[in-house]
Amino acid sequence: MRFAIFSDVHANLEALEAVLADARERNCTHFVCLGDVVGYNANPHECVERVRELDCPIVKGNHDEQATLVESSSDFNPVAERAIQWTRDHLAEEDRQWLQDLPLQKQVRDFTIVHATLDTPSQWGYVFNNLDAAASFAYQYTGVCFFGHTHVPMVFIRDDGDIKRERMEYVRIKPNTKYFINTGSVGQPRDGNWRAGYCIYDIEKNLIQQLRIKYDLETAQKKIIKAGLPRLLAERLAIGR
Ligand code: ZN
């Protein structure tokens, strides 16, 4: 059984389609989404539709939450705020309802999924260092948990109480060890690499692979500008920031 696990699509349809096609080519039979389907880029409705059609396990992200509110909370920066207002105007009522009903965390077979953190999933904190990861590990009851939110692929490994942080292409899952794994972002990577990121988890082989996939960046950028969204959102896609 091969799972394609992806996060932070952020309404980037070109990146989403490239990832789904790549995953199918690599014989993935199951999909899992870690939230933030919308926000920032130009195809929120289409991306909600594509992900809904997968009928796969999914959790809610902070942009999904904001898109369903009438007014934003104060912690969004001005660019994200303009984008989320635009997003609200471009979602169908049933998209909104679907986003609103998403759970904050979920167990899928023998692993867990969450958008931000396991200790306080509704607070949308960021896990960048071992201290942040330790707080999540305290609430992780499965060997493996996948998360998103930072848009930076990263692997935290807890072994005998010690936590290590790594960037690795392949993660071999060992017993009695916990793994908190960020799949990176499909639609707005922020690690200096513009390619769409996602993971494949091969359950039988106990192996997780982190992948980066080329997509039609130019079309995604043109749509952002044509939509009247902040130009910065198109520019940042090209540099992966
Ligand atoms: Zn995000």
# chains A, B, ... in the order shown; residues from 1 in each chain; ligands from 1
>>> residues_around(residues="stretch 203-210 of chain A", least_positions_apart="2", cutoff="7 Å", atoms="only C-alpha atoms", output="list in words")
Met1, Arg2, Glu169, Tyr170, Val171, Arg172, Ile173, Thr183, Tyr198, Cys199, Ile200 and Tyr201 of chain A
>>> write_last_selection(atoms="N, CA and C atoms", output="PDB file, in the first residue's frame")
ATOM      1  N   MET A   1       0.836  -1.192   0.000  1.00  0.00           N
ATOM      2  CA  MET A   1       0.000   0.000   0.000  1.00  0.00           C
ATOM      3  C   MET A   1       0.875   1.247   0.000  1.00  0.00           C
ATOM      4  N   ARG A   2       0.682   2.070  -1.009  1.00  0.00           N
ATOM      5  CA  ARG A   2       1.523   3.272  -1.123  1.00  0.00           C
ATOM      6  C   ARG A   2       0.666   4.529  -1.016  1.00  0.00           C
ATOM      7  N   GLU A 169      16.082  12.368   2.058  1.00  0.00           N
ATOM      8  CA  GLU A 169      15.193  11.947   0.969  1.00  0.00           C
ATOM      9  C   GLU A 169      14.433  10.682   1.361  1.00  0.00           C
ATOM     10  N   TYR A 170      15.122   9.741   2.028  1.00  0.00           N
ATOM     11  CA  TYR A 170      14.466   8.494   2.436  1.00  0.00           C
ATOM     12  C   TYR A 170      14.492   8.354   3.954  1.00  0.00           C
ATOM     13  N   VAL A 171      13.362   7.968   4.530  1.00  0.00           N
ATOM     14  CA  VAL A 171      13.284   7.717   5.954  1.00  0.00           C
ATOM     15  C   VAL A 171      12.843   6.267   6.137  1.00  0.00           C
ATOM     16  N   ARG A 172      13.707   5.460   6.755  1.00  0.00           N
ATOM     17  CA  ARG A 172      13.320   4.078   7.023  1.00  0.00           C
ATOM     18  C   ARG A 172      12.740   4.012   8.435  1.00  0.00           C
ATOM     19  N   ILE A 173      11.486   3.536   8.539  1.00  0.00           N
ATOM     20  CA  ILE A 173      10.771   3.526   9.812  1.00  0.00           C
ATOM     21  C   ILE A 173      11.181   2.316  10.646  1.00  0.00           C
ATOM     22  N   THR A 183       5.975  17.156   5.176  1.00  0.00           N
ATOM     23  CA  THR A 183       6.025  16.738   3.767  1.00  0.00           C
ATOM     24  C   THR A 183       6.440  17.875   2.839  1.00  0.00           C
ATOM     25  N   TYR A 198       6.143  16.656  -1.790  1.00  0.00           N
ATOM     26  CA  TYR A 198       5.200  15.740  -1.131  1.00  0.00           C
ATOM     27  C   TYR A 198       5.949  14.480  -0.717  1.00  0.00           C
ATOM     28  N   CYS A 199       5.259  13.573  -0.007  1.00  0.00           N
ATOM     29  CA  CYS A 199       5.886  12.333   0.466  1.00  0.00           C
ATOM     30  C   CYS A 199       5.150  11.113  -0.057  1.00  0.00           C
ATOM     31  N   ILE A 200       5.885  10.041  -0.225  1.00  0.00           N
ATOM     32  CA  ILE A 200       5.257   8.742  -0.463  1.00  0.00           C
ATOM     33  C   ILE A 200       5.614   7.832   0.718  1.00  0.00           C
ATOM     34  N   TYR A 201       4.585   7.249   1.321  1.00  0.00           N
ATOM     35  CA  TYR A 201       4.789   6.316   2.427  1.00  0.00           C
ATOM     36  C   TYR A 201       4.415   4.924   1.932  1.00  0.00           C
TER      37      TYR A 201
END
>>> residues_near_ligand(ligand="ligand 1", cutoff="9 Å", atoms="only C-alpha atoms and all ligand atoms", output="ChimeraX atom specification")
/A:7-10,35-40,61-63,115,148-151,185,187-188
>>> write_last_selection(atoms="N, CA, C and O atoms", output="mmCIF file, in the first residue's frame")
data_model
loop_
_atom_site.group_PDB
_atom_site.id
_atom_site.type_symbol
_atom_site.label_atom_id
_atom_site.label_comp_id
_atom_site.auth_asym_id
_atom_site.auth_seq_id
_atom_site.Cartn_x
_atom_site.Cartn_y
_atom_site.Cartn_z
ATOM 1 N N SER A 7 0.636 18.420 1.417
ATOM 2 C CA SER A 7 0.158 19.508 2.266
ATOM 3 C C SER A 7 0.282 20.849 1.564
ATOM 4 O O SER A 7 1.017 20.990 0.571
ATOM 5 N N ASP A 8 -0.418 21.846 2.103
ATOM 6 C CA ASP A 8 -0.233 23.236 1.678
ATOM 7 C C ASP A 8 -0.258 23.425 0.157
ATOM 8 O O ASP A 8 0.687 23.948 -0.431
ATOM 9 N N VAL A 9 -1.357 22.985 -0.419
ATOM 10 C CA VAL A 9 -1.598 23.173 -1.863
ATOM 11 C C VAL A 9 -1.776 24.659 -2.164
ATOM 12 O O VAL A 9 -1.293 25.168 -3.188
ATOM 13 N N HIS A 10 -2.459 25.351 -1.259
ATOM 14 C CA HIS A 10 -2.650 26.799 -1.370
ATOM 15 C C HIS A 10 -3.141 27.254 -2.741
ATOM 16 O O HIS A 10 -2.618 28.206 -3.318
ATOM 17 N N GLY A 35 -3.976 19.650 4.746
ATOM 18 C CA GLY A 35 -4.619 20.955 4.933
ATOM 19 C C GLY A 35 -3.965 22.121 4.215
ATOM 20 O O GLY A 35 -2.946 21.971 3.551
ATOM 21 N N ASP A 36 -4.594 23.295 4.369
ATOM 22 C CA ASP A 36 -4.269 24.492 3.577
ATOM 23 C C ASP A 36 -4.404 24.195 2.074
ATOM 24 O O ASP A 36 -3.465 24.381 1.300
ATOM 25 N N VAL A 37 -5.598 23.762 1.717
ATOM 26 C CA VAL A 37 -5.920 23.555 0.298
ATOM 27 C C VAL A 37 -6.023 24.905 -0.396
ATOM 28 O O VAL A 37 -5.702 25.041 -1.575
ATOM 29 N N VAL A 38 -6.466 25.934 0.347
ATOM 30 C CA VAL A 38 -6.699 27.264 -0.257
ATOM 31 C C VAL A 38 -5.779 28.313 0.354
ATOM 32 O O VAL A 38 -4.994 28.034 1.246
ATOM 33 N N GLY A 39 -5.894 29.553 -0.181
ATOM 34 C CA GLY A 39 -5.093 30.682 0.303
ATOM 35 C C GLY A 39 -3.887 30.897 -0.586
ATOM 36 O O GLY A 39 -3.294 29.941 -1.082
ATOM 37 N N TYR A 40 -3.522 32.170 -0.837
ATOM 38 C CA TYR A 40 -2.355 32.636 -1.603
ATOM 39 C C TYR A 40 -2.515 32.590 -3.128
ATOM 40 O O TYR A 40 -2.368 33.610 -3.786
ATOM 41 N N GLY A 61 -6.330 23.211 7.691
ATOM 42 C CA GLY A 61 -5.222 24.139 7.907
ATOM 43 C C GLY A 61 -5.743 25.499 8.338
ATOM 44 O O GLY A 61 -6.947 25.759 8.290
ATOM 45 N N ASN A 62 -4.816 26.394 8.736
ATOM 46 C CA ASN A 62 -5.243 27.717 9.199
ATOM 47 C C ASN A 62 -5.854 28.565 8.079
ATOM 48 O O ASN A 62 -6.790 29.329 8.315
ATOM 49 N N HIS A 63 -5.368 28.401 6.840
ATOM 50 C CA HIS A 63 -5.972 29.156 5.733
ATOM 51 C C HIS A 63 -7.355 28.603 5.381
ATOM 52 O O HIS A 63 -8.238 29.370 4.989
ATOM 53 N N HIS A 115 -2.194 19.453 10.720
ATOM 54 C CA HIS A 115 -1.618 20.530 9.907
ATOM 55 C C HIS A 115 -0.422 21.182 10.601
ATOM 56 O O HIS A 115 0.631 21.357 10.007
ATOM 57 N N GLY A 148 2.302 19.678 8.278
ATOM 58 C CA GLY A 148 2.641 20.662 7.243
ATOM 59 C C GLY A 148 2.913 22.018 7.869
ATOM 60 O O GLY A 148 3.665 22.122 8.829
ATOM 61 N N HIS A 149 2.322 23.068 7.313
ATOM 62 C CA HIS A 149 2.263 24.417 7.894
ATOM 63 C C HIS A 149 3.519 25.256 7.700
ATOM 64 O O HIS A 149 3.435 26.442 7.433
ATOM 65 N N THR A 150 4.718 24.666 7.869
ATOM 66 C CA THR A 150 5.938 25.470 7.725
ATOM 67 C C THR A 150 6.359 25.587 6.262
ATOM 68 O O THR A 150 7.162 26.451 5.910
ATOM 69 N N HIS A 151 5.878 24.700 5.421
ATOM 70 C CA HIS A 151 6.246 24.650 3.995
ATOM 71 C C HIS A 151 7.715 24.265 3.797
ATOM 72 O O HIS A 151 8.298 24.541 2.750
ATOM 73 N N SER A 185 5.605 21.657 1.013
ATOM 74 C CA SER A 185 4.384 22.255 0.454
ATOM 75 C C SER A 185 4.266 21.978 -1.039
ATOM 76 O O SER A 185 5.243 22.076 -1.774
ATOM 77 N N GLY A 187 2.073 23.808 -3.054
ATOM 78 C CA GLY A 187 1.777 25.024 -3.822
ATOM 79 C C GLY A 187 2.546 26.272 -3.480
ATOM 80 O O GLY A 187 2.409 27.298 -4.166
ATOM 81 N N GLN A 188 3.387 26.225 -2.417
ATOM 82 C CA GLN A 188 4.203 27.396 -2.091
ATOM 83 C C GLN A 188 5.392 26.974 -1.208
ATOM 84 O O GLN A 188 5.473 27.318 -0.034
#
>>> atom_distance(atom1="atom CA of A:Thr142", atom2="atom CA of A:Ile113")
10.1 Å
>>> atom_distance(atom1="atom CA of A:Asn12", atom2="atom CA of A:Pro57")
19.7 Å
>>> residues_around(residues="A:Asp162", least_positions_apart="3", cutoff="10 Å", atoms="only C-alpha atoms", output="list in words")
Asn130, Ala134, Ile157, Arg158 and Asp159 of chain A
>>> write_last_selection(atoms="all heavy atoms", output="PDB file, in the first residue's frame")
ATOM      1  N   ASN A 130      13.764  21.412  17.674  1.00  0.00           N
ATOM      2  CA  ASN A 130      13.547  20.199  18.476  1.00  0.00           C
ATOM      3  C   ASN A 130      12.619  20.442  19.666  1.00  0.00           C
ATOM      4  O   ASN A 130      11.895  19.541  20.083  1.00  0.00           O
ATOM      5  CB  ASN A 130      14.886  19.644  18.971  1.00  0.00           C
ATOM      6  CG  ASN A 130      15.730  19.133  17.820  1.00  0.00           C
ATOM      7  OD1 ASN A 130      15.335  19.219  16.654  1.00  0.00           O
ATOM      8  ND2 ASN A 130      16.905  18.605  18.135  1.00  0.00           N
ATOM      9  N   ALA A 134       9.313  18.401  20.383  1.00  0.00           N
ATOM     10  CA  ALA A 134       9.143  17.662  21.651  1.00  0.00           C
ATOM     11  C   ALA A 134       7.709  17.806  22.157  1.00  0.00           C
ATOM     12  O   ALA A 134       7.120  16.841  22.657  1.00  0.00           O
ATOM     13  CB  ALA A 134      10.130  18.173  22.696  1.00  0.00           C
ATOM     14  N   ILE A 157      13.127  12.935  14.507  1.00  0.00           N
ATOM     15  CA  ILE A 157      13.149  11.536  14.932  1.00  0.00           C
ATOM     16  C   ILE A 157      13.394  11.491  16.432  1.00  0.00           C
ATOM     17  O   ILE A 157      14.371  12.068  16.924  1.00  0.00           O
ATOM     18  CB  ILE A 157      14.265  10.761  14.187  1.00  0.00           C
ATOM     19  CG1 ILE A 157      14.061  10.887  12.672  1.00  0.00           C
ATOM     20  CG2 ILE A 157      14.295   9.296  14.629  1.00  0.00           C
ATOM     21  CD1 ILE A 157      15.195  10.314  11.850  1.00  0.00           C
ATOM     22  N   ARG A 158      12.497  10.824  17.180  1.00  0.00           N
ATOM     23  CA  ARG A 158      12.698  10.673  18.630  1.00  0.00           C
ATOM     24  C   ARG A 158      13.003   9.232  18.956  1.00  0.00           C
ATOM     25  O   ARG A 158      12.225   8.336  18.671  1.00  0.00           O
ATOM     26  CB  ARG A 158      11.471  11.131  19.420  1.00  0.00           C
ATOM     27  CG  ARG A 158      11.836  11.344  20.892  1.00  0.00           C
ATOM     28  CD  ARG A 158      10.648  11.748  21.712  1.00  0.00           C
ATOM     29  NE  ARG A 158       9.820  10.593  22.037  1.00  0.00           N
ATOM     30  CZ  ARG A 158       8.757  10.636  22.825  1.00  0.00           C
ATOM     31  NH1 ARG A 158       8.380  11.785  23.358  1.00  0.00           N
ATOM     32  NH2 ARG A 158       8.049   9.559  23.085  1.00  0.00           N
ATOM     33  N   ASP A 159      14.182   9.058  19.546  1.00  0.00           N
ATOM     34  CA  ASP A 159      14.703   7.734  19.826  1.00  0.00           C
ATOM     35  C   ASP A 159      15.245   7.773  21.258  1.00  0.00           C
ATOM     36  O   ASP A 159      16.141   8.562  21.535  1.00  0.00           O
ATOM     37  CB  ASP A 159      15.845   7.482  18.819  1.00  0.00           C
ATOM     38  CG  ASP A 159      16.240   6.034  18.770  1.00  0.00           C
ATOM     39  OD1 ASP A 159      15.701   5.258  19.557  1.00  0.00           O
ATOM     40  OD2 ASP A 159      17.108   5.700  17.931  1.00  0.00           O
TER      41      ASP A 159
END
>>> atom_distance(atom1="atom CA of A:Glu166", atom2="atom CA of A:Met154")
6.1 Å
>>> closest_residue(among="A:Ser122, A:Tyr179, A:Arg26, A:Asn41", to="A:Arg231", atoms="only C-alpha atoms")
A:Asn41
>>> residues_around(residues="A:Asp89", least_positions_apart="2", cutoff="12 Å", atoms="only C-alpha atoms", output="list in words")
Gly39, Ala42, Asn43, Pro44, His45, Ala67, Thr68, Leu69, Val70, Arg82, Ala83, Ile84, Gln85, Trp86, Thr87, Leu91, Ala92, Glu93, Asp95, Arg96 and Ala227 of chain A
>>> closest_residue(among="A:Gln97, A:Ile5, A:Arg241, A:Leu102", to="A:Cys28", atoms="only C-alpha atoms")
A:Ile5
>>> select_by_dssp(residues="stretch 36-215 of chain A", states="alpha helix (DSSP H)", output="ChimeraX atom specification")
/A:44-54,62-67,78-89,93-100,130-137
>>> closest_residue(among="A:Val186, A:Ile163, A:Glu218, A:Lys226", to="A:Leu20", atoms="only C-alpha atoms")
A:Val186
>>> residues_around(residues="A:Gly143", least_positions_apart="2", cutoff="10 Å", atoms="only C-alpha atoms", output="ChimeraX atom specification")
/A:110-112,137,140-141,145,157-158,173-180
>>> write_last_selection(atoms="N, CA, C and O atoms", output="mmCIF file, in the first residue's frame")
data_model
loop_
_atom_site.group_PDB
_atom_site.id
_atom_site.type_symbol
_atom_site.label_atom_id
_atom_site.label_comp_id
_atom_site.auth_asym_id
_atom_site.auth_seq_id
_atom_site.Cartn_x
_atom_site.Cartn_y
_atom_site.Cartn_z
ATOM 1 N N ASP A 110 -2.027 3.257 10.627
ATOM 2 C CA ASP A 110 -1.217 3.320 11.845
ATOM 3 C C ASP A 110 -0.438 4.625 11.977
ATOM 4 O O ASP A 110 0.520 4.712 12.719
ATOM 5 N N PHE A 111 -0.837 5.665 11.254
ATOM 6 C CA PHE A 111 -0.154 6.955 11.419
ATOM 7 C C PHE A 111 -1.159 8.081 11.660
ATOM 8 O O PHE A 111 -2.362 7.918 11.469
ATOM 9 N N THR A 112 -0.632 9.217 12.123
ATOM 10 C CA THR A 112 -1.470 10.373 12.465
ATOM 11 C C THR A 112 -1.204 11.494 11.471
ATOM 12 O O THR A 112 -0.104 11.584 10.914
ATOM 13 N N PHE A 137 5.569 15.553 20.041
ATOM 14 C CA PHE A 137 5.854 14.135 20.328
ATOM 15 C C PHE A 137 5.120 13.675 21.589
ATOM 16 O O PHE A 137 4.714 12.521 21.697
ATOM 17 N N GLN A 140 1.926 12.358 20.541
ATOM 18 C CA GLN A 140 1.929 11.477 19.362
ATOM 19 C C GLN A 140 1.862 10.017 19.809
ATOM 20 O O GLN A 140 2.813 9.506 20.403
ATOM 21 N N TYR A 141 0.741 9.356 19.510
ATOM 22 C CA TYR A 141 0.535 7.986 19.978
ATOM 23 C C TYR A 141 0.755 6.951 18.889
ATOM 24 O O TYR A 141 0.535 5.768 19.091
ATOM 25 N N CYS A 145 3.887 10.462 12.397
ATOM 26 C CA CYS A 145 2.885 11.519 12.200
ATOM 27 C C CYS A 145 3.384 12.443 11.098
ATOM 28 O O CYS A 145 4.572 12.789 11.057
ATOM 29 N N ILE A 157 13.127 12.935 14.507
ATOM 30 C CA ILE A 157 13.149 11.536 14.932
ATOM 31 C C ILE A 157 13.394 11.491 16.432
ATOM 32 O O ILE A 157 14.371 12.068 16.924
ATOM 33 N N ARG A 158 12.497 10.824 17.180
ATOM 34 C CA ARG A 158 12.698 10.673 18.630
ATOM 35 C C ARG A 158 13.003 9.232 18.956
ATOM 36 O O ARG A 158 12.225 8.336 18.671
ATOM 37 N N ILE A 173 11.486 3.536 8.539
ATOM 38 C CA ILE A 173 10.771 3.526 9.812
ATOM 39 C C ILE A 173 11.181 2.316 10.646
ATOM 40 O O ILE A 173 11.036 1.174 10.218
ATOM 41 N N LYS A 174 11.724 2.604 11.836
ATOM 42 C CA LYS A 174 12.136 1.527 12.742
ATOM 43 C C LYS A 174 11.171 1.438 13.914
ATOM 44 O O LYS A 174 10.567 2.439 14.296
ATOM 45 N N PRO A 175 11.029 0.244 14.516
ATOM 46 C CA PRO A 175 10.141 0.134 15.685
ATOM 47 C C PRO A 175 10.716 0.893 16.883
ATOM 48 O O PRO A 175 11.921 1.171 16.924
ATOM 49 N N ASN A 176 9.862 1.222 17.842
ATOM 50 C CA ASN A 176 10.269 1.924 19.065
ATOM 51 C C ASN A 176 10.916 3.286 18.809
ATOM 52 O O ASN A 176 11.713 3.768 19.614
ATOM 53 N N THR A 177 10.621 3.881 17.682
ATOM 54 C CA THR A 177 11.138 5.199 17.343
ATOM 55 C C THR A 177 9.956 5.994 16.824
ATOM 56 O O THR A 177 9.070 5.427 16.189
ATOM 57 N N LYS A 178 9.938 7.294 17.135
ATOM 58 C CA LYS A 178 8.839 8.121 16.629
ATOM 59 C C LYS A 178 9.331 9.090 15.568
ATOM 60 O O LYS A 178 10.450 9.615 15.656
ATOM 61 N N TYR A 179 8.472 9.320 14.598
ATOM 62 C CA TYR A 179 8.823 10.180 13.454
ATOM 63 C C TYR A 179 7.751 11.246 13.280
ATOM 64 O O TYR A 179 6.561 10.926 13.172
ATOM 65 N N PHE A 180 8.176 12.505 13.248
ATOM 66 C CA PHE A 180 7.267 13.628 13.012
ATOM 67 C C PHE A 180 7.769 14.286 11.722
ATOM 68 O O PHE A 180 8.854 14.871 11.697
#
>>> closest_residue(among="A:Asp22, A:Glu49, A:Glu81, A:Asp101", to="A:Glu65", atoms="only C-alpha atoms")
A:Asp101
>>> select_by_dssp(residues="stretch 6-45 of chain A", states="strand (DSSP E)", output="PyMOL selection string")
chain A and resi 6+30-33
>>> write_last_selection(atoms="C-alpha atoms", output="compact mmCIF listing (two decimals), in the first residue's frame")
# COMPACT_ATOMS: atom_id res chain seq x y z
CA PHE A 6 0.70 16.17 0.57
CA HIS A 30 -4.04 6.17 -1.55
CA PHE A 31 -3.91 9.92 -0.91
CA VAL A 32 -3.78 11.96 2.28
CA CYS A 33 -4.00 15.77 2.56
>>> closest_residue(among="A:Ala116, A:Ala196, A:Leu233, A:Val48", to="A:Tyr215", atoms="only C-alpha atoms")
A:Ala196
